[in-house]
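Structure record follows, encoded as structure tokens.
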Amino acid sequence: MSLGFSLFPEQASTMAGRVDALFFFLIGVAVFFVSLIFFLVVFFAVKYRRRSEDERPMPITGNLALEIFWIVVPLGLTMVMFIWGALLFFDTYHPPKNAVEINVVAKQWMWKAQHPQGQREINELHVPVGQAIKLMLTSEDVIHDFFVPAFRIKKDVLPGRYTTMWFQATKPGAYHLFCAQYCGTQHSGMIGRIVVMEPADYVRWLGGGATGVSMTEAGEKLFQRLGCSTCHRPDGTGQGPSLVGLFGKPVELQGGKTVTADENYIRESILDPRAKITARYQPVMPIFKGLVSEEGILQLIAYIKSLERQERERTQR
Amino acid sequence: MNAVETERREHYLNVNYGLKSWLLTTDHKRIAWLYLVSVTFFFFIGGLFATLIRLELLTPQGDLVQAETYNKFFTMHGVTMIFFFLIPSIPAVLGNFLIPMMIGARDLAFPRLNLASWYIYILGGLFTLTAAAAGGVDTGWTFYTPYSSIYSNTNVALTVIGIFITGFSSILTGLNFVVTIHKMRAPGMTWFRLPLFVWSHYATSIIFVLGTPVLAISLALVAIERLFDLGIFDPTRGGDPLLFQHLFWFYSHPAVYIMILPGMGVISELIPCFSRKRVFGYEFVAFSSLAIAVLGFLVWGHHMFVSGQSVYAGMVFSLLSFLVAIPSAIKVFNWTATLYKGSISYDAPMLYALGFIGLFTIGGLTGLFVATLGVNIHVHDTYFVIAHFHYIMVGSAVMAYMGGIHFWWPKMTGRMYPEGWARLAALIIFIGFNLTFFPQFVLGYLGMPRRYHVYPPEFQVLNVMSSAGASILAVGYVLPLVYMIWSLRYGAVAGKNPWRARGLEWETLSPPPTDNFEVTPLVTAEAYAYDVAEPEALYSGRPAHV
Ligand code: HEM
Ligand SMILES: [Cu+2]
Ligand SMILES: [Cu+2]
């Protein structure tokens, strides 16, 4: 982070160079057309300036070939922009398989992050260089936006649902984190730092000040404390369906529809269980809205996600 | 005709006097003046807020005002400029004044409705000004929920009701224009003889009528959620905050075309007049207005690429956004081609028109940047977007408005404005504008988010440049206010057609009589017949010798 005057932002993620390349292509096209139009306007304005008050130029009504030409060429160019841009965008929606998941909860006016190992931080996010990181974002109040200019990415952070984004930092350092969606009085104060560290430093950082309780462990405790475990037994003998292997799978609902059990589905099933009832079960689950915090829900989700792996490890043993 | 004669002859300005004769008028030309005075008032209110914003941003610290006050400034700036200045500006002032005259009619189809539109607009404006005076609003002109509907403790409901009311003024004006253009064209004024100004207002009116109700609904829902505590957009009660964005942009994207299409219409009049040539590719320019009006309704989601909508929705909206750029490109190319082998003079309206072409090109091309998904994820909600839409809305729409006011001023007042001063002002505006907004592209790509009261120090140099430019721009806008008022009394008497322009409005006296024409004109030639020596021949019923 240099404090001097600069004209171009730092590149610090795998995305940055790709976005910039596209940006330069667009600049090339724009400079070409702006120069062309400026040149023609000035050239015509000078060359054909009025020399006598009674001039009456020959009328030219139009030219079909020319019209087609200047429809087709811009159309072709914009399609290149579209496809190139869409490909990049598509990649921003699809994190690599090995991405490490970190949870971020936004509220007026701060960022709260929670690492899988349990570390929490506020207005800072420590990440290792060279490792894909997937952020699960949600807000406790209004809409915010997680924006890291040096990574060339941003994503809105919404109340009541999860959005995700991912990045892979390429350069150790500290980078601006901005809230880019207007969120009230201290919007411009809702800023922080992304600290990118060498992997070894990151491991050390994780060790220091650790709570010792990982996300899944915290989630498991909550699962017991809130009484989820009484109904959702791993073997499916309880009043509710077993949650082992649930995550990412299709769930059949009453009425025959199916939905995929993603984070948003699980969140909804905790806060408002009656919204979607699993086929062959009764709507007996209590509503947990107001009883569990956003961070708690994220811990529960982390725990539910881990069930399949835990179960597999248990049976293998 | 000399000054004394103008004074003696009866025309729309001197048929009767007194406040009442103005406030109860149904003459479209007088109603245009009511709008002119009111939008000018709102323009300077909006400008005042802009000045305060630029002053605050001179330094990275928030040292001029509190954060909350700053947020109110940019909200009031956006609300007044968009809803109370730019949307009514060209249609309600120039459109009102000119459309009946351009098509050879005596007034709009519904003169009393026209006056009612102005009262509705003023009523909405009073609500919004009251909200401002009673403490202001801090949601941004976009009113995103759930911030606006639940969290903000400012006068959201009052402001939103003001905009809601004003919307009806747009709807009625649009309706009036559509009916007038369909029903009241003079004999011989076929669709393809219409001036392009009329075509673009026709397209604009369609958006007014179809789009504004959706804005009204979305704002009404915000007000209802606040006043009656319903959970329409509140996720904790099963509402959907994104629903608001869909509704809002379903109107507000087409609304950006409400703001630019009339300007394009003005440019399509100025360029032929000051190059003495028919517009190149008339049909293409005319139909591109309609294409914009239609396609403009299909791209609202391009304001929501990073809102978490599905990746495929993003792609569709991006594709359609590129398509809507094509009609704009067609217009730019055709205007430029019109200059070719013309007879070009550099009167002030033409300087504005040429400036428009340049700035609109930059605004439109940067529209492609923000429509490109891969780049949007970086520049969305930064100063890059601010710069983009100011190139369009100020660099283009306001330039066109200024050009149009200068061009038709002799018709409206019977007096010329001082040409030297006007050219100077046009130049100052062009320079001031670029200095203000070009640095914001750089700032945006560097990552400075919009609506920031405090910002990191490395952004200061560019912000200072921008504020410096704004002070130049302010001079450029105050100058015309002064010399235009001056010219009302001291300007040279204009005569019927000082520009030797074509078009029915130039065939009647300046200022026109209340009924616009002494006899209903009979149109016998295409618009922009600049190759014909005596324009009278085009409208008298005698065949023009083309
Ligand atoms: C050449 C065609 C154009 C394209 C492809 C285009 C595209 C876009 C896109 C994609 C955005 C959203 C950017 C973002 O928020 O991330 C945007 C913003 C905007 N554009 Fe354009 N645009 C074009 C022309 C125009 C025109 C003609 C106007 C009319 C005055 C306009 C006014 C605006 C405004 C007001 C916003 C910002 C609204 C806000 O967030 O406050 N644009 N444009
Ligand atoms: Cu914010
Ligand atoms: Cu738009």
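In the structure tokens, each chain is lettered A, B, ... as it comes, each chain's residues begin at 1, and ligands are numbered from 1 in order of appearance.
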
Tell me the residues of chain A close to chain B, meaning within 7 Å using only C-alpha atoms, as an NGL selection string. :A and (3-5 or 7-9 or 19 or 23 or 26 or 30 or 34 or 38 or 41 or 44-45 or 48-50 or 55-63 or 70-71 or 74-75 or 78 or 81-82 or 85-86 or 88-90 or 142 or 149 or 152-156 or 159-160 or 163 or 180-183 or 185-188)

Ligand 3: which residues are within 10 Å, counting only C-alpha atoms and all ligand atoms? Reply as a ChimeraX atom specification. /B:249-257,296-304,317,321,367,370-371,389

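Between CA of Val398 (chain B) and CA of Leu123 (chain B) there is a distance of 24.1 Å.
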
Residues within 9 Å of Lys221 (chain A), only C-alpha atoms, excluding chain neighbours under 5 positions, as a compact mmCIF listing (two decimals) with C-alpha atoms, in the first residue's frame:
# COMPACT_ATOMS: atom_id res chain seq x y z
CA THR A 216 -16.84 -27.24 13.14
CA LEU A 226 -29.72 -25.96 20.78
CA LEU A 300 -23.67 -24.90 12.35

What residues in region 71-300 of chain A get the DSSP label strand (DSSP E or B)? Please answer as a tab-separated table (two decimals) with N, CA, C and O atoms, in the first residue's frame.
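Written out: out-v3.tsv:
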chain	number	residue	atom	x	y	z
A	100	VAL	N	-10.08	-22.67	0.49
A	100	VAL	CA	-10.33	-22.66	1.93
A	100	VAL	C	-11.46	-21.68	2.20
A	100	VAL	O	-11.49	-20.58	1.68
A	101	GLU	N	-12.40	-22.12	3.02
A	101	GLU	CA	-13.58	-21.29	3.23
A	101	GLU	C	-13.43	-20.42	4.47
A	101	GLU	O	-13.13	-20.92	5.55
A	102	ILE	N	-13.67	-19.14	4.31
A	102	ILE	CA	-13.65	-18.23	5.46
A	102	ILE	C	-15.00	-17.51	5.48
A	102	ILE	O	-15.53	-17.16	4.44
A	103	ASN	N	-15.53	-17.31	6.68
A	103	ASN	CA	-16.84	-16.67	6.79
A	103	ASN	C	-16.68	-15.21	7.16
A	103	ASN	O	-15.87	-14.86	8.01
A	104	VAL	N	-17.49	-14.39	6.52
A	104	VAL	CA	-17.45	-12.97	6.82
A	104	VAL	C	-18.87	-12.50	7.11
A	104	VAL	O	-19.78	-12.75	6.32
A	105	VAL	N	-19.02	-11.86	8.26
A	105	VAL	CA	-20.32	-11.29	8.59
A	105	VAL	C	-20.14	-9.78	8.65
A	105	VAL	O	-19.26	-9.28	9.34
A	106	ALA	N	-20.98	-9.07	7.90
A	106	ALA	CA	-20.89	-7.62	7.88
A	106	ALA	C	-21.99	-7.05	8.73
A	106	ALA	O	-23.08	-7.63	8.84
A	107	LYS	N	-21.69	-5.95	9.39
A	107	LYS	CA	-22.77	-5.20	10.04
A	107	LYS	C	-22.37	-3.74	10.04
A	107	LYS	O	-21.21	-3.40	9.87
A	110	MET	N	-18.85	-2.63	10.35
A	110	MET	CA	-17.62	-3.40	10.53
A	110	MET	C	-17.69	-4.74	9.82
A	110	MET	O	-18.75	-5.19	9.41
A	111	TRP	N	-16.50	-5.30	9.64
A	111	TRP	CA	-16.39	-6.61	9.00
A	111	TRP	C	-15.92	-7.60	10.06
A	111	TRP	O	-14.92	-7.36	10.73
A	112	LYS	N	-16.63	-8.72	10.21
A	112	LYS	CA	-16.20	-9.73	11.16
A	112	LYS	C	-15.89	-11.01	10.39
A	112	LYS	O	-16.74	-11.51	9.66
A	113	ALA	N	-14.66	-11.49	10.57
A	113	ALA	CA	-14.27	-12.69	9.83
A	113	ALA	C	-14.02	-13.83	10.79
A	113	ALA	O	-13.63	-13.63	11.94
A	114	GLN	N	-14.27	-15.03	10.32
A	114	GLN	CA	-14.08	-16.21	11.15
A	114	GLN	C	-13.38	-17.28	10.30
A	114	GLN	O	-13.91	-17.68	9.28
A	120	ARG	N	-10.98	-15.39	14.97
A	120	ARG	CA	-11.87	-14.33	14.51
A	120	ARG	C	-11.09	-13.05	14.42
A	120	ARG	O	-10.16	-12.82	15.17
A	121	GLU	N	-11.49	-12.21	13.50
A	121	GLU	CA	-10.88	-10.89	13.44
A	121	GLU	C	-11.91	-9.87	12.97
A	121	GLU	O	-12.92	-10.24	12.40
A	122	ILE	N	-11.59	-8.62	13.26
A	122	ILE	CA	-12.51	-7.55	12.88
A	122	ILE	C	-11.79	-6.55	12.00
A	122	ILE	O	-10.68	-6.12	12.33
A	124	GLU	N	-10.09	-6.89	9.57
A	124	GLU	CA	-8.86	-7.38	8.98
A	124	GLU	C	-9.15	-8.78	8.51
A	124	GLU	O	-10.02	-9.46	9.05
A	125	LEU	N	-8.43	-9.18	7.48
A	125	LEU	CA	-8.57	-10.56	7.05
A	125	LEU	C	-7.18	-11.03	6.69
A	125	LEU	O	-6.54	-10.48	5.80
A	126	HIS	N	-6.69	-12.03	7.43
A	126	HIS	CA	-5.37	-12.59	7.12
A	126	HIS	C	-5.55	-13.80	6.23
A	126	HIS	O	-6.36	-14.67	6.53
A	127	VAL	N	-4.82	-13.82	5.14
A	127	VAL	CA	-4.90	-14.97	4.25
A	127	VAL	C	-3.50	-15.33	3.76
A	127	VAL	O	-2.63	-14.48	3.67
A	128	PRO	N	-3.30	-16.61	3.44
A	128	PRO	CA	-2.01	-17.02	2.90
A	128	PRO	C	-1.92	-16.70	1.41
A	128	PRO	O	-2.93	-16.73	0.71
A	132	ALA	N	-6.23	-20.49	-2.76
A	132	ALA	CA	-7.55	-19.98	-3.11
A	132	ALA	C	-8.39	-19.88	-1.84
A	132	ALA	O	-8.41	-20.79	-1.03
A	133	ILE	N	-9.05	-18.75	-1.68
A	133	ILE	CA	-9.88	-18.51	-0.51
A	133	ILE	C	-11.29	-18.25	-0.99
A	133	ILE	O	-11.52	-17.45	-1.90
A	134	LYS	N	-12.23	-18.95	-0.38
A	134	LYS	CA	-13.62	-18.70	-0.72
A	134	LYS	C	-14.27	-18.01	0.47
A	134	LYS	O	-14.18	-18.51	1.61
A	135	LEU	N	-14.93	-16.89	0.24
A	135	LEU	CA	-15.60	-16.19	1.33
A	135	LEU	C	-17.09	-16.46	1.27
A	135	LEU	O	-17.70	-16.40	0.21
A	136	MET	N	-17.63	-16.78	2.44
A	136	MET	CA	-19.08	-16.88	2.57
A	136	MET	C	-19.51	-15.60	3.26
A	136	MET	O	-19.11	-15.35	4.39
A	137	LEU	N	-20.34	-14.81	2.59
A	137	LEU	CA	-20.63	-13.48	3.11
A	137	LEU	C	-22.08	-13.35	3.49
A	137	LEU	O	-22.97	-13.80	2.77
A	138	THR	N	-22.31	-12.73	4.64
A	138	THR	CA	-23.69	-12.37	4.96
A	138	THR	C	-23.69	-11.13	5.82
A	138	THR	O	-22.65	-10.72	6.33
A	139	SER	N	-24.84	-10.49	5.92
A	139	SER	CA	-24.93	-9.25	6.67
A	139	SER	C	-25.96	-9.37	7.77
A	139	SER	O	-26.95	-10.08	7.63
A	144	HIS	N	-24.19	-4.55	2.28
A	144	HIS	CA	-22.84	-4.00	2.20
A	144	HIS	C	-22.18	-4.59	0.96
A	144	HIS	O	-22.81	-5.34	0.23
A	145	ASP	N	-20.92	-4.25	0.75
A	145	ASP	CA	-20.23	-4.86	-0.39
A	145	ASP	C	-18.75	-5.01	-0.06
A	145	ASP	O	-18.09	-4.06	0.36
A	146	PHE	N	-18.27	-6.21	-0.26
A	146	PHE	CA	-16.88	-6.55	0.06
A	146	PHE	C	-16.03	-6.28	-1.18
A	146	PHE	O	-16.16	-6.97	-2.19
A	147	PHE	N	-15.18	-5.28	-1.10
A	147	PHE	CA	-14.45	-4.82	-2.29
A	147	PHE	C	-12.96	-4.72	-1.98
A	147	PHE	O	-12.56	-4.03	-1.05
A	148	VAL	N	-12.17	-5.43	-2.76
A	148	VAL	CA	-10.72	-5.36	-2.61
A	148	VAL	C	-10.13	-4.93	-3.95
A	148	VAL	O	-9.94	-5.76	-4.84
A	153	ILE	N	-12.01	-7.48	-7.32
A	153	ILE	CA	-13.27	-8.19	-7.13
A	153	ILE	C	-14.12	-7.48	-6.11
A	153	ILE	O	-13.63	-6.79	-5.23
A	154	LYS	N	-15.40	-7.67	-6.24
A	154	LYS	CA	-16.30	-7.22	-5.19
A	154	LYS	C	-17.56	-8.05	-5.25
A	154	LYS	O	-17.87	-8.68	-6.25
A	155	LYS	N	-18.25	-8.07	-4.11
A	155	LYS	CA	-19.52	-8.79	-4.07
A	155	LYS	C	-20.41	-8.16	-3.02
A	155	LYS	O	-19.94	-7.81	-1.93
A	156	ASP	N	-21.68	-8.02	-3.34
A	156	ASP	CA	-22.61	-7.49	-2.36
A	156	ASP	C	-22.78	-8.49	-1.22
A	156	ASP	O	-22.73	-9.71	-1.43
A	157	VAL	N	-23.00	-7.96	-0.04
A	157	VAL	CA	-23.19	-8.77	1.15
A	157	VAL	C	-24.60	-8.48	1.64
A	157	VAL	O	-24.91	-7.36	2.02
A	159	PRO	N	-28.31	-9.15	3.74
A	159	PRO	CA	-28.91	-9.73	4.93
A	159	PRO	C	-29.81	-10.88	4.51
A	159	PRO	O	-30.44	-10.83	3.45
A	163	THR	N	-23.88	-14.80	0.03
A	163	THR	CA	-23.25	-14.69	-1.28
A	163	THR	C	-21.82	-15.16	-1.10
A	163	THR	O	-21.31	-15.18	0.01
A	164	THR	N	-21.21	-15.55	-2.20
A	164	THR	CA	-19.84	-16.04	-2.07
A	164	THR	C	-18.95	-15.32	-3.06
A	164	THR	O	-19.41	-14.79	-4.08
A	165	MET	N	-17.69	-15.31	-2.76
A	165	MET	CA	-16.70	-14.82	-3.72
A	165	MET	C	-15.41	-15.56	-3.43
A	165	MET	O	-15.25	-16.16	-2.37
A	166	TRP	N	-14.52	-15.56	-4.38
A	166	TRP	CA	-13.25	-16.20	-4.10
A	166	TRP	C	-12.12	-15.43	-4.75
A	166	TRP	O	-12.32	-14.67	-5.69
A	167	PHE	N	-10.92	-15.63	-4.19
A	167	PHE	CA	-9.74	-14.98	-4.77
A	167	PHE	C	-8.52	-15.80	-4.38
A	167	PHE	O	-8.58	-16.63	-3.46
A	168	GLN	N	-7.47	-15.55	-5.09
A	168	GLN	CA	-6.19	-16.16	-4.71
A	168	GLN	C	-5.16	-15.07	-4.77
A	168	GLN	O	-4.84	-14.54	-5.85
A	169	ALA	N	-4.63	-14.70	-3.61
A	169	ALA	CA	-3.67	-13.60	-3.54
A	169	ALA	C	-2.34	-14.06	-4.12
A	169	ALA	O	-1.96	-15.22	-4.01
A	173	GLY	N	1.37	-8.68	1.42
A	173	GLY	CA	1.24	-7.24	1.63
A	173	GLY	C	-0.10	-6.95	2.27
A	173	GLY	O	-0.87	-7.86	2.57
A	174	ALA	N	-0.36	-5.67	2.48
A	174	ALA	CA	-1.65	-5.28	3.06
A	174	ALA	C	-2.40	-4.47	2.03
A	174	ALA	O	-1.85	-3.58	1.40
A	175	TYR	N	-3.66	-4.80	1.83
A	175	TYR	CA	-4.46	-4.17	0.79
A	175	TYR	C	-5.75	-3.62	1.37
A	175	TYR	O	-6.28	-4.15	2.34
A	176	HIS	N	-6.26	-2.58	0.68
A	176	HIS	CA	-7.51	-1.99	1.13
A	176	HIS	C	-8.67	-2.96	1.03
A	176	HIS	O	-8.82	-3.66	0.03
A	177	LEU	N	-9.50	-2.95	2.05
A	177	LEU	CA	-10.82	-3.57	1.97
A	177	LEU	C	-11.82	-2.42	2.13
A	177	LEU	O	-11.75	-1.67	3.09
A	178	PHE	N	-12.70	-2.27	1.14
A	178	PHE	CA	-13.69	-1.20	1.21
A	178	PHE	C	-15.09	-1.79	1.24
A	178	PHE	O	-15.35	-2.80	0.59
A	179	CYS	N	-16.00	-1.11	1.91
A	179	CYS	CA	-17.40	-1.41	1.69
A	179	CYS	C	-17.84	-0.55	0.51
A	179	CYS	O	-17.71	0.67	0.54
A	192	GLY	N	-11.17	-1.81	5.88
A	192	GLY	CA	-10.27	-2.66	6.63
A	192	GLY	C	-9.07	-3.02	5.79
A	192	GLY	O	-8.78	-2.36	4.79
A	193	ARG	N	-8.36	-4.07	6.22
A	193	ARG	CA	-7.15	-4.48	5.50
A	193	ARG	C	-7.22	-5.96	5.21
A	193	ARG	O	-7.67	-6.75	6.04
A	194	ILE	N	-6.76	-6.32	4.03
A	194	ILE	CA	-6.54	-7.73	3.74
A	194	ILE	C	-5.03	-7.92	3.88
A	194	ILE	O	-4.26	-7.25	3.19
A	195	VAL	N	-4.64	-8.77	4.82
A	195	VAL	CA	-3.21	-8.99	5.02
A	195	VAL	C	-2.84	-10.32	4.38
A	195	VAL	O	-3.29	-11.38	4.82
A	196	VAL	N	-2.05	-10.23	3.32
A	196	VAL	CA	-1.64	-11.46	2.63
A	196	VAL	C	-0.27	-11.86	3.16
A	196	VAL	O	0.66	-11.05	3.19
A	197	MET	N	-0.17	-13.12	3.62
A	197	MET	CA	1.06	-13.56	4.28
A	197	MET	C	1.64	-14.77	3.58
A	197	MET	O	0.93	-15.52	2.92
A	250	PRO	N	-29.29	-33.14	-3.48
A	250	PRO	CA	-30.68	-32.76	-3.68
A	250	PRO	C	-31.56	-33.27	-2.54
A	250	PRO	O	-31.32	-34.36	-2.02
A	251	VAL	N	-32.53	-32.48	-2.14
A	251	VAL	CA	-33.44	-32.87	-1.08
A	251	VAL	C	-34.85	-32.87	-1.65
A	251	VAL	O	-35.26	-31.91	-2.29
A	252	GLU	N	-35.56	-33.97	-1.41
A	252	GLU	CA	-36.92	-34.01	-1.92
A	252	GLU	C	-37.84	-33.35	-0.90
A	252	GLU	O	-37.77	-33.64	0.29
A	253	LEU	N	-38.69	-32.45	-1.38
A	253	LEU	CA	-39.58	-31.73	-0.47
A	253	LEU	C	-40.99	-32.28	-0.57
A	253	LEU	O	-41.32	-32.97	-1.53
A	258	THR	N	-37.66	-30.70	-5.65
A	258	THR	CA	-36.37	-30.94	-5.00
A	258	THR	C	-35.56	-29.65	-4.99
A	258	THR	O	-35.67	-28.83	-5.90
A	259	VAL	N	-34.77	-29.50	-3.95
A	259	VAL	CA	-33.85	-28.37	-3.90
A	259	VAL	C	-32.48	-28.91	-3.53
A	259	VAL	O	-32.35	-30.01	-2.99
A	260	THR	N	-31.46	-28.13	-3.86
A	260	THR	CA	-30.12	-28.53	-3.46
A	260	THR	C	-29.83	-27.97	-2.08
A	260	THR	O	-30.12	-26.81	-1.81
A	278	THR	N	-39.05	-31.26	4.31
A	278	THR	CA	-38.53	-32.44	3.63
A	278	THR	C	-39.64	-33.50	3.51
A	278	THR	O	-40.44	-33.67	4.43

So that I can check the surroundings of Met184 (chain B), please list as a PyMOL selection string every protein, DNA and RNA residue that reaches within 9 Å of it, counting only C-alpha atoms and ignoring chain neighbours fewer than 5 positions away. chain B and resi 100+103-109+179

With N, CA, C and O atoms retained, export the selected residues as a compact mmCIF listing (two decimals), in the first residue's frame.
# COMPACT_ATOMS: atom_id res chain seq x y z
N PRO B 100 -45.69 21.16 -30.33
CA PRO B 100 -46.83 21.62 -31.12
C PRO B 100 -46.40 22.45 -32.33
O PRO B 100 -46.93 22.27 -33.42
N ILE B 103 -44.88 20.36 -35.25
CA ILE B 103 -45.78 19.55 -36.06
C ILE B 103 -46.92 20.38 -36.63
O ILE B 103 -47.82 19.85 -37.26
N GLY B 104 -46.90 21.67 -36.37
CA GLY B 104 -47.90 22.56 -36.96
C GLY B 104 -49.22 22.57 -36.22
O GLY B 104 -50.26 22.76 -36.82
N ALA B 105 -49.16 22.36 -34.88
CA ALA B 105 -50.40 22.36 -34.10
C ALA B 105 -50.49 23.65 -33.28
O ALA B 105 -49.51 24.37 -33.12
N ARG B 106 -51.68 23.91 -32.77
CA ARG B 106 -51.85 25.13 -31.98
C ARG B 106 -51.49 24.93 -30.52
O ARG B 106 -51.20 25.88 -29.80
N ASP B 107 -51.58 23.73 -30.05
CA ASP B 107 -51.20 23.46 -28.66
C ASP B 107 -51.02 21.95 -28.54
O ASP B 107 -51.15 21.23 -29.52
N LEU B 108 -50.76 21.48 -27.30
CA LEU B 108 -50.76 20.04 -27.09
C LEU B 108 -52.21 19.54 -27.11
O LEU B 108 -53.15 20.34 -27.03
N ALA B 109 -52.36 18.23 -27.13
CA ALA B 109 -53.70 17.66 -27.21
C ALA B 109 -54.53 18.02 -25.98
O ALA B 109 -55.73 18.26 -26.08
N VAL B 179 -50.21 11.46 -27.60
CA VAL B 179 -51.48 11.76 -28.27
C VAL B 179 -51.29 12.90 -29.25
O VAL B 179 -51.76 12.86 -30.40

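Straight-line separation from CA of Ile171 (chain B) to CA of Phe208 (chain B): 5.3 Å.
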
Extract, using only C-alpha atoms, all DNA, RNA and protein residues at most 8 Å from Gly503 (chain B), discarding same-chain residues fewer than 5 positions from it, and format them as a VMD selection string. chain B and resid 102 195 527 to 528

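Atom to atom, CA of Pro521 (chain B) and CA of Ala494 (chain B) stand 22.0 Å apart.
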
Surrounding residues of Val213 (chain A) excluding itself and chain neighbours under 3 positions, 12 Å, only C-alpha atoms, as a PyMOL selection string: chain A and resi 114-120+206-207+209-210+216-221+299

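With distances restricted to only C-alpha atoms, B:Ile122 is the closest residue to Val37 (chain B) from B:Ile87, B:Ile122, B:Glu10, B:Ala293.
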
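Nearest residue to Gly404 (chain B), choosing from B:Leu19, B:Val209, B:Ile90, B:Val475 and counting only C-alpha atoms: B:Ile90.
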